[in-house]
Amino acid sequence: MKFEHVLLGVLANKPYHGYELMKWFDVEGQFIRSNTHHSQIYRELARMVKNGLVEFEVDPREGRPDAKVYRITEIGQQVLLEWVRSPYQPTSRFQDADFNTRFSFTIGLDIEAALRVVETELAYRRAQVAASRVRKRGYVGVEPIPGLDMQRSARYGEQMHVFGADSVDRWMDWLEEIRALLIADIAQTASPADAEEESA
């Protein structure tokens, strides 16, 4: 997930001042990309302006420095659409922000691409669970350093495993629900002509 895709997704909603973007990353954006520094935002915006993905207008401010208002360009829109429609690759940890970022920016632009993202994530998690639930947990042939309590580590490690297994199960249940909603929405928005062609 490139930072430019995140910025393009945000700017697809409306033009932003640089300061407004900083505030967005401090609040809503913290769940998509943690610890985003203002220097990273301005550096990336400058690069994106140079590459024609965004442009800006100067907003004159009386008694204080002028502000730049950034907006996505047609080229930026094309890059954003290419990204949301490109194959989604899940991360090994379902808690990573990649899915949420991809899904939240895709759903408003292309519902069928959003469905593919959900189905890819769901298939990956099912395979991951099938492979990992039966594995032997713990260390084999250990030689712990003095002071390392292996029994305590194993006991709390098992608690972490139980919590993680429960969390990923609930995650897959949620993905199933979202998948069903998306399929229903797609079917509902299909035109009568499309429905007739499919039944023929």
# chains A, B, ... in the order shown; residues from 1 in each chain; ligands from 1
$ select_by_dssp --residues "chain A" --states "strand (DSSP E or B)" --output "ChimeraX atom specification"
/A:16-17,54-59,67-72
$ residues_around --residues "stretch 67-70 of chain A" --least-positions-apart "5" --cutoff "7 Å" --atoms "only C-alpha atoms" --output "PyMOL selection string"
chain A and resi 15-18+54-60
$ write_last_selection --atoms "N, CA and C atoms" --output "mmCIF file, in the first residue's frame"
data_model
loop_
_atom_site.group_PDB
_atom_site.id
_atom_site.type_symbol
_atom_site.label_atom_id
_atom_site.label_comp_id
_atom_site.auth_asym_id
_atom_site.auth_seq_id
_atom_site.Cartn_x
_atom_site.Cartn_y
_atom_site.Cartn_z
ATOM 1 N N PRO A 15 -11.336 18.496 -1.950
ATOM 2 C CA PRO A 15 -10.023 19.143 -1.834
ATOM 3 C C PRO A 15 -9.707 19.426 -0.362
ATOM 4 N N TYR A 16 -8.438 19.381 -0.028
ATOM 5 C CA TYR A 16 -7.995 19.606 1.354
ATOM 6 C C TYR A 16 -6.841 20.594 1.386
ATOM 7 N N HIS A 17 -6.834 21.452 2.418
ATOM 8 C CA HIS A 17 -5.618 22.176 2.773
ATOM 9 C C HIS A 17 -4.645 21.164 3.376
ATOM 10 N N GLY A 18 -3.360 21.480 3.315
ATOM 11 C CA GLY A 18 -2.373 20.611 3.941
ATOM 12 C C GLY A 18 -2.650 20.412 5.418
ATOM 13 N N VAL A 54 -1.864 15.276 -8.336
ATOM 14 C CA VAL A 54 -2.665 16.293 -7.643
ATOM 15 C C VAL A 54 -2.198 17.663 -8.113
ATOM 16 N N GLU A 55 -3.042 18.642 -7.881
ATOM 17 C CA GLU A 55 -2.705 20.037 -8.168
ATOM 18 C C GLU A 55 -3.172 20.870 -6.981
ATOM 19 N N PHE A 56 -2.771 22.119 -6.948
ATOM 20 C CA PHE A 56 -3.205 22.953 -5.830
ATOM 21 C C PHE A 56 -3.502 24.355 -6.304
ATOM 22 N N GLU A 57 -4.340 25.006 -5.510
ATOM 23 C CA GLU A 57 -4.610 26.438 -5.679
ATOM 24 C C GLU A 57 -4.172 27.122 -4.387
ATOM 25 N N VAL A 58 -3.707 28.346 -4.512
ATOM 26 C CA VAL A 58 -3.301 29.100 -3.325
ATOM 27 C C VAL A 58 -4.522 29.808 -2.750
ATOM 28 N N ASP A 59 -4.737 29.586 -1.469
ATOM 29 C CA ASP A 59 -5.843 30.221 -0.748
ATOM 30 C C ASP A 59 -5.264 31.370 0.077
ATOM 31 N N PRO A 60 -5.462 32.622 -0.367
ATOM 32 C CA PRO A 60 -4.860 33.757 0.356
ATOM 33 C C PRO A 60 -5.457 33.896 1.758
#
$ closest_residue --among "A:Thr120, A:Gln128, A:Ser153, A:Thr101" --to "A:Gly29" --atoms "only C-alpha atoms"
A:Thr101
$ atom_distance --atom1 "atom CA of A:Glu44" --atom2 "atom CA of A:Asn100"
21.3 Å
$ select_by_dssp --residues "stretch 80-192 of chain A" --states "helix (DSSP H, G or I)" --output "PyMOL selection string"
chain A and resi 80-85+98-106+111-132+150-189+192
$ closest_atom_pairs --of "stretch 104-177 of chain A" --to "stretch 77-87 of chain A" --cutoff "9 Å" --atoms "only C-alpha atoms" --output "Markdown table"
| residue | atom | partner | partner_atom | distance |
| --- | --- | --- | --- | --- |
| A:Phe105 | CA | A:Val84 | CA | 7.3 |
| A:Thr106 | CA | A:Val84 | CA | 5.3 |
| A:Ile107 | CA | A:Val84 | CA | 8.8 |
| A:Leu109 | CA | A:Leu81 | CA | 7.5 |
| A:Asp110 | CA | A:Val84 | CA | 7.7 |
| A:Glu112 | CA | A:Arg85 | CA | 8.9 |
| A:Ala113 | CA | A:Arg85 | CA | 5.5 |
| A:Ala114 | CA | A:Val84 | CA | 7.9 |
| A:Arg116 | CA | A:Pro87 | CA | 8.3 |
| A:Val117 | CA | A:Pro87 | CA | 7.8 |
| A:Thr120 | CA | A:Pro87 | CA | 8.8 |
$ write_last_selection --atoms "C-alpha atoms" --output "mmCIF file, in the first residue's frame"
data_model
loop_
_atom_site.group_PDB
_atom_site.id
_atom_site.type_symbol
_atom_site.label_atom_id
_atom_site.label_comp_id
_atom_site.auth_asym_id
_atom_site.auth_seq_id
_atom_site.Cartn_x
_atom_site.Cartn_y
_atom_site.Cartn_z
ATOM 1 C CA PHE A 105 -11.410 3.622 -0.684
ATOM 2 C CA THR A 106 -12.719 0.994 -3.114
ATOM 3 C CA ILE A 107 -16.332 0.664 -1.987
ATOM 4 C CA LEU A 109 -15.633 3.800 -6.546
ATOM 5 C CA ASP A 110 -16.266 0.227 -7.702
ATOM 6 C CA GLU A 112 -17.489 -5.183 -7.800
ATOM 7 C CA ALA A 113 -13.829 -4.448 -7.064
ATOM 8 C CA ALA A 114 -14.782 -4.118 -3.389
ATOM 9 C CA ARG A 116 -13.241 -9.019 -5.006
ATOM 10 C CA VAL A 117 -11.224 -7.488 -2.152
ATOM 11 C CA THR A 120 -9.774 -12.419 -1.542
#
$ atom_distance --atom1 "atom CA of A:Ile178" --atom2 "atom CA of A:Val118"
7.7 Å
$ closest_residue --among "A:Val140, A:Val49, A:Ile111, A:Val134" --to "A:Ile183" --atoms "only C-alpha atoms"
A:Ile111
$ closest_residue --among "A:Ala190, A:Ala184, A:Ala165, A:Ala154" --to "A:Ser132" --atoms "only C-alpha atoms"
A:Ala165
$ residues_around --residues "A:Ser92" --least-positions-apart "5" --cutoff "12 Å" --atoms "only C-alpha atoms" --output "PyMOL selection string"
chain A and resi 97-99+121+124-125+127-129+132+168
$ residues_around --residues "A:Gln40" --least-positions-apart "4" --cutoff "10 Å" --atoms "only C-alpha atoms" --output "list of chain:residue names"
A:Phe3, A:Met22, A:Thr36, A:Glu44, A:Leu45, A:Ala46
$ write_last_selection --atoms "N, CA, C and O atoms" --output "CSV table (one decimal), in the first residue's frame"
chain,number,residue,atom,x,y,z
A,3,PHE,N,1.7,5.3,0.1
A,3,PHE,CA,1.1,6.5,0.7
A,3,PHE,C,0.3,7.3,-0.3
A,3,PHE,O,-0.7,7.9,0.0
A,22,MET,N,-3.4,17.0,7.6
A,22,MET,CA,-2.7,16.6,8.9
A,22,MET,C,-3.8,16.2,10.0
A,22,MET,O,-3.6,15.2,10.6
A,36,THR,N,1.6,9.3,11.1
A,36,THR,CA,2.0,10.0,9.9
A,36,THR,C,2.4,11.4,10.3
A,36,THR,O,1.6,12.2,10.9
A,44,GLU,N,5.2,14.0,0.3
A,44,GLU,CA,4.4,13.2,-0.7
A,44,GLU,C,3.6,14.0,-1.6
A,44,GLU,O,3.5,13.8,-2.8
A,45,LEU,N,2.9,15.1,-1.1
A,45,LEU,CA,2.1,16.0,-1.9
A,45,LEU,C,2.9,16.6,-3.0
A,45,LEU,O,2.5,16.8,-4.1
A,46,ALA,N,4.1,17.1,-2.6
A,46,ALA,CA,5.0,17.7,-3.6
A,46,ALA,C,5.4,16.8,-4.7
A,46,ALA,O,5.4,17.2,-5.9
$ atom_distance --atom1 "atom CA of A:Gly108" --atom2 "atom CA of A:Leu182"
11.9 Å
$ decode --residues "stretch 112-138 of chain A" --atoms "N, CA, C and O atoms" --output "mmCIF file, in the first residue's frame"
data_model
loop_
_atom_site.group_PDB
_atom_site.id
_atom_site.type_symbol
_atom_site.label_atom_id
_atom_site.label_comp_id
_atom_site.auth_asym_id
_atom_site.auth_seq_id
_atom_site.Cartn_x
_atom_site.Cartn_y
_atom_site.Cartn_z
ATOM 1 N N GLU A 112 -17.943 -3.839 -7.414
ATOM 2 C CA GLU A 112 -17.489 -5.183 -7.800
ATOM 3 C C GLU A 112 -16.026 -5.404 -7.419
ATOM 4 O O GLU A 112 -15.644 -6.510 -7.016
ATOM 5 N N ALA A 113 -15.218 -4.355 -7.523
ATOM 6 C CA ALA A 113 -13.829 -4.448 -7.064
ATOM 7 C C ALA A 113 -13.796 -4.633 -5.555
ATOM 8 O O ALA A 113 -12.973 -5.392 -5.028
ATOM 9 N N ALA A 114 -14.704 -3.955 -4.845
ATOM 10 C CA ALA A 114 -14.782 -4.118 -3.389
ATOM 11 C C ALA A 114 -15.151 -5.552 -3.028
ATOM 12 O O ALA A 114 -14.600 -6.120 -2.075
ATOM 13 N N LEU A 115 -16.062 -6.141 -3.774
ATOM 14 C CA LEU A 115 -16.425 -7.542 -3.534
ATOM 15 C C LEU A 115 -15.227 -8.463 -3.739
ATOM 16 O O LEU A 115 -14.997 -9.380 -2.946
ATOM 17 N N ARG A 116 -14.435 -8.199 -4.769
ATOM 18 C CA ARG A 116 -13.241 -9.019 -5.006
ATOM 19 C C ARG A 116 -12.253 -8.893 -3.853
ATOM 20 O O ARG A 116 -11.623 -9.882 -3.443
ATOM 21 N N VAL A 117 -12.109 -7.697 -3.299
ATOM 22 C CA VAL A 117 -11.224 -7.488 -2.152
ATOM 23 C C VAL A 117 -11.701 -8.321 -0.961
ATOM 24 O O VAL A 117 -10.916 -9.009 -0.303
ATOM 25 N N VAL A 118 -13.001 -8.274 -0.691
ATOM 26 C CA VAL A 118 -13.570 -9.025 0.435
ATOM 27 C C VAL A 118 -13.392 -10.523 0.217
ATOM 28 O O VAL A 118 -12.978 -11.257 1.128
ATOM 29 N N GLU A 119 -13.682 -10.995 -0.975
ATOM 30 C CA GLU A 119 -13.568 -12.431 -1.253
ATOM 31 C C GLU A 119 -12.117 -12.908 -1.183
ATOM 32 O O GLU A 119 -11.837 -14.015 -0.705
ATOM 33 N N THR A 120 -11.194 -12.073 -1.630
ATOM 34 C CA THR A 120 -9.774 -12.419 -1.542
ATOM 35 C C THR A 120 -9.329 -12.509 -0.093
ATOM 36 O O THR A 120 -8.633 -13.454 0.310
ATOM 37 N N GLU A 121 -9.720 -11.532 0.703
ATOM 38 C CA GLU A 121 -9.382 -11.535 2.125
ATOM 39 C C GLU A 121 -9.980 -12.759 2.823
ATOM 40 O O GLU A 121 -9.306 -13.438 3.599
ATOM 41 N N LEU A 122 -11.228 -13.050 2.533
ATOM 42 C CA LEU A 122 -11.910 -14.174 3.173
ATOM 43 C C LEU A 122 -11.246 -15.498 2.801
ATOM 44 O O LEU A 122 -10.998 -16.348 3.675
ATOM 45 N N ALA A 123 -10.944 -15.687 1.534
ATOM 46 C CA ALA A 123 -10.296 -16.931 1.095
ATOM 47 C C ALA A 123 -8.924 -17.083 1.737
ATOM 48 O O ALA A 123 -8.537 -18.184 2.164
ATOM 49 N N TYR A 124 -8.184 -15.989 1.826
ATOM 50 C CA TYR A 124 -6.851 -16.028 2.436
ATOM 51 C C TYR A 124 -6.936 -16.416 3.910
ATOM 52 O O TYR A 124 -6.169 -17.245 4.393
ATOM 53 N N ARG A 125 -7.889 -15.802 4.647
ATOM 54 C CA ARG A 125 -8.016 -16.102 6.074
ATOM 55 C C ARG A 125 -8.468 -17.541 6.302
ATOM 56 O O ARG A 125 -8.010 -18.203 7.229
ATOM 57 N N ARG A 126 -9.381 -18.042 5.467
ATOM 58 C CA ARG A 126 -9.817 -19.438 5.601
ATOM 59 C C ARG A 126 -8.628 -20.389 5.433
ATOM 60 O O ARG A 126 -8.458 -21.333 6.205
ATOM 61 N N ALA A 127 -7.823 -20.131 4.406
ATOM 62 C CA ALA A 127 -6.651 -20.989 4.160
ATOM 63 C C ALA A 127 -5.650 -20.862 5.294
ATOM 64 O O ALA A 127 -5.043 -21.855 5.722
ATOM 65 N N GLN A 128 -5.477 -19.659 5.800
ATOM 66 C CA GLN A 128 -4.540 -19.412 6.895
ATOM 67 C C GLN A 128 -4.971 -20.163 8.148
ATOM 68 O O GLN A 128 -4.158 -20.808 8.820
ATOM 69 N N VAL A 129 -6.270 -20.097 8.456
ATOM 70 C CA VAL A 129 -6.790 -20.792 9.631
ATOM 71 C C VAL A 129 -6.663 -22.301 9.457
ATOM 72 O O VAL A 129 -6.254 -23.018 10.384
ATOM 73 N N ALA A 130 -7.007 -22.805 8.285
ATOM 74 C CA ALA A 130 -6.919 -24.248 8.035
ATOM 75 C C ALA A 130 -5.488 -24.758 8.227
ATOM 76 O O ALA A 130 -5.273 -25.864 8.732
ATOM 77 N N ALA A 131 -4.514 -23.952 7.850
ATOM 78 C CA ALA A 131 -3.112 -24.370 7.960
ATOM 79 C C ALA A 131 -2.553 -24.187 9.367
ATOM 80 O O ALA A 131 -1.687 -24.952 9.793
ATOM 81 N N SER A 132 -3.042 -23.191 10.096
ATOM 82 C CA SER A 132 -2.396 -22.860 11.367
ATOM 83 C C SER A 132 -3.085 -23.422 12.597
ATOM 84 O O SER A 132 -2.437 -23.599 13.632
ATOM 85 N N ARG A 133 -4.361 -23.746 12.526
ATOM 86 C CA ARG A 133 -5.056 -24.225 13.731
ATOM 87 C C ARG A 133 -4.539 -25.585 14.201
ATOM 88 O O ARG A 133 -4.619 -25.918 15.363
ATOM 89 N N VAL A 134 -4.052 -26.384 13.277
ATOM 90 C CA VAL A 134 -3.611 -27.740 13.641
ATOM 91 C C VAL A 134 -2.105 -27.809 13.941
ATOM 92 O O VAL A 134 -1.618 -28.875 14.283
ATOM 93 N N ARG A 135 -1.433 -26.691 13.808
ATOM 94 C CA ARG A 135 0.013 -26.726 14.007
ATOM 95 C C ARG A 135 0.353 -26.949 15.482
ATOM 96 O O ARG A 135 -0.442 -26.612 16.366
ATOM 97 N N LYS A 136 1.514 -27.526 15.732
ATOM 98 C CA LYS A 136 1.994 -27.668 17.100
ATOM 99 C C LYS A 136 2.548 -26.319 17.535
ATOM 100 O O LYS A 136 3.361 -25.720 16.844
ATOM 101 N N ARG A 137 2.086 -25.865 18.676
ATOM 102 C CA ARG A 137 2.533 -24.566 19.174
ATOM 103 C C ARG A 137 3.598 -24.763 20.243
ATOM 104 O O ARG A 137 3.672 -25.804 20.885
ATOM 105 N N GLY A 138 4.401 -23.768 20.442
ATOM 106 C CA GLY A 138 5.452 -23.825 21.446
ATOM 107 C C GLY A 138 6.805 -24.063 20.804
ATOM 108 O O GLY A 138 6.935 -24.188 19.594
#
